[in-house]
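A.B. asks: Input: one structure, supplied below.
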Amino acid sequence: MFDELRPHLVELRKRLAYAVGTLFVMFFVAFFFHEAILEWMVAPLNDALISVGKKSVHAANGMVTTSQVGGAFFVALKVSFFSAIILGLPMILAQIWLFIAPGLYDNEKKMLLPFIFGGTVMFITGVSFAYYIVTPFGFDFLITFGSFKFTPLINIEDYVGFFTKIMFGFGIAFELPVFAYFFALLGLIDDKNMKDFFKYAVVLIFIVAALLTPPDVLTQLLMAGPLIILYILSIGIVKMVNPAPKEDDSEDDDDEEVDLKKELTELFEDDNDKKIT
């Protein structure tokens with residue numbers, strides 16, 4: 001059994017090496033520009049602090065702080081790693097596809113570039129949606145709440161971790177149509193499977209939204225709503241790629257199986273009669 005798995009393990013190690021090497025290179029590239037990237041990441045928070053400062057005298061002194069001696073350095077590392085994943089995403093997706101490619105048909109292997117392009121575009125779309133739509137509402141609400149009693153001093157280490165979780169959550173969530181398309185292309189799912197799972201998917205979507213977004217209803221809805229729309233869109237995509245067989249077709253198949261069984265039974269009985277005679 002191990003001999004059969006060995007080629008797959010060797011291929012997996014190869015693909016992981018390429019992916020990790022890409023992240024390593026992109027990390028150093030991003031570290032060189034980490035100050036500009038951090039400024040981009042903190043912009044929604046600063047806008048929220050300025051907005052709240054206009055409403056409250058206490059909040060006017062709100063600021064971003066650090067509570068660790070090496071806080072700025074560790075933040076730079078986190079920012080660089082976050083950026084490296086986004087910059088290296090096309091190569092990571094390519095390695096995922098190349099790992100499963102040996103088990104695909106020739107026409108399916110040609111979908112490498114669409115998989116990379118579609119996956120990258122949808123991930124960036126999810127990150128952009130979170131950055132330009134979700135975070136302004138979420139941060140403004142969270143900082144405004146209680147700002148008339150407390151001065152908001154935001155820890156930069158916590159903020160970067162919180163920010164990256166939201167960005168990655170939306171980025172991965174927006175990959176749903178892409179993966180649905182390729183799973184349907186491989187024949188693993190059809191539109192009936194997704195329709196039957198829809199009610200459970202809605203529950204899972206709200207659970208994921210509650211875990212990945214700030215603890216306010218508005219932000220959770222801003223994540224859950226697009227995800228439900230994406231799921232419905234995925235059903236349409238899967239229906240075009242791998243539609244479920246119609247009930248009439250399945251009934252015809254059942255009738256054919258019954259007829260075949262009858263014919264085999266009759267042939268078997270005829271052979272027995274001939275042997276007896």
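Lettering and numbering for the structure tokens are positional, with chains as A, B, ... in the shown order, residues counted from 1 in each chain, and ligands counted from 1 in the shown order.
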Which polymer residues have any atom within 7 Å of an atom of Thr65 of chain A, counting only C-alpha atoms, with same-chain residues fewer than 2 positions away left out, as a list in words?
C.D. replies: Met63, Ser67, Leu153, Ile154, Asn155 and Ile156 of chain A
A.B. asks: For the residues in that selection, give me N, CA and C atoms as a PDB file, in the first residue's frame.
C.D. replies:
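Result file out-v3.pdb:
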ATOM      1  N   MET A  63      -6.425  56.445  18.859  1.00  0.00           N
ATOM      2  CA  MET A  63      -5.205  56.220  18.092  1.00  0.00           C
ATOM      3  C   MET A  63      -4.892  54.729  18.031  1.00  0.00           C
ATOM      4  N   SER A  67       1.512  47.323  22.105  1.00  0.00           N
ATOM      5  CA  SER A  67       1.730  46.989  23.519  1.00  0.00           C
ATOM      6  C   SER A  67       2.940  46.087  23.702  1.00  0.00           C
ATOM      7  N   LEU A 153      -8.236  53.075  21.930  1.00  0.00           N
ATOM      8  CA  LEU A 153      -6.809  52.867  21.706  1.00  0.00           C
ATOM      9  C   LEU A 153      -6.667  51.473  21.086  1.00  0.00           C
ATOM     10  N   ILE A 154      -6.484  51.411  19.798  1.00  0.00           N
ATOM     11  CA  ILE A 154      -6.507  50.145  19.066  1.00  0.00           C
ATOM     12  C   ILE A 154      -5.105  49.545  19.019  1.00  0.00           C
ATOM     13  N   ASN A 155      -4.994  48.312  19.489  1.00  0.00           N
ATOM     14  CA  ASN A 155      -3.717  47.606  19.452  1.00  0.00           C
ATOM     15  C   ASN A 155      -3.451  47.130  18.025  1.00  0.00           C
ATOM     16  N   ILE A 156      -2.329  47.529  17.451  1.00  0.00           N
ATOM     17  CA  ILE A 156      -2.038  47.240  16.056  1.00  0.00           C
ATOM     18  C   ILE A 156      -1.863  45.732  15.804  1.00  0.00           C
TER      19      ILE A 156
END
A.B. asks: Could you list, as a ChimeraX atom specification, every residue within 10 Å of Phe129 of chain A, counting only C-alpha atoms and ignoring same-chain residues fewer than 5 positions away?
C.D. replies: /A:123-124,134-135,167,170-171,174,222-223,226
A.B. asks: Atom CA of Ile92 of chain A and atom CA of Phe183 of chain A, how far apart in Å?
C.D. replies: 18.1 Å
A.B. asks: Between A:Gly71, A:Asn46, A:Ala84, A:Gly161, which has the minimum distance to Phe31 of chain A (counting only C-alpha atoms)?
C.D. replies: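 Under the stated criterion, the closest residue is A:Ala84.
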A.B. asks: Just checking: using only C-alpha atoms, which residue out of A:Leu93, A:Leu230, A:Met26, A:Leu49 ends up closest to Pro152 of chain A?
C.D. replies: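 Result for the nearest residue to Pro152 of chain A: A:Leu49.
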A.B. asks: Please run DSSP on the backbone and report, as number ranges by chain, all residues within segment 11-254 of chain A that come out as alpha helix (DSSP H).
C.D. replies: A: 11-32, 34-53, 71-87, 89-100, 106-109, 112-129, 135-144, 156-173, 176-185, 191-196, 198-212, 217-241, 247-254
A.B. asks: Atom CA of Leu77 of chain A and atom CA of Trp40 of chain A are how many Å apart?
C.D. replies: 15.4 Å
A.B. asks: Could you give me, as a list in words, the residues within 9 Å of Leu98 of chain A, counting only C-alpha atoms and dropping anything in the same chain fewer than 3 positions from it?
C.D. replies: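 My reading of the contact set: Arg15, Leu93, Ala94, Gln95, Ala101, Pro102, Lys109 and Leu112 of chain A.
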A.B. asks: Using Å and a single decimal, report how far atom CA of Glu157 of chain A sits from atom CA of Leu45 of chain A.
C.D. replies: 13.2 Å
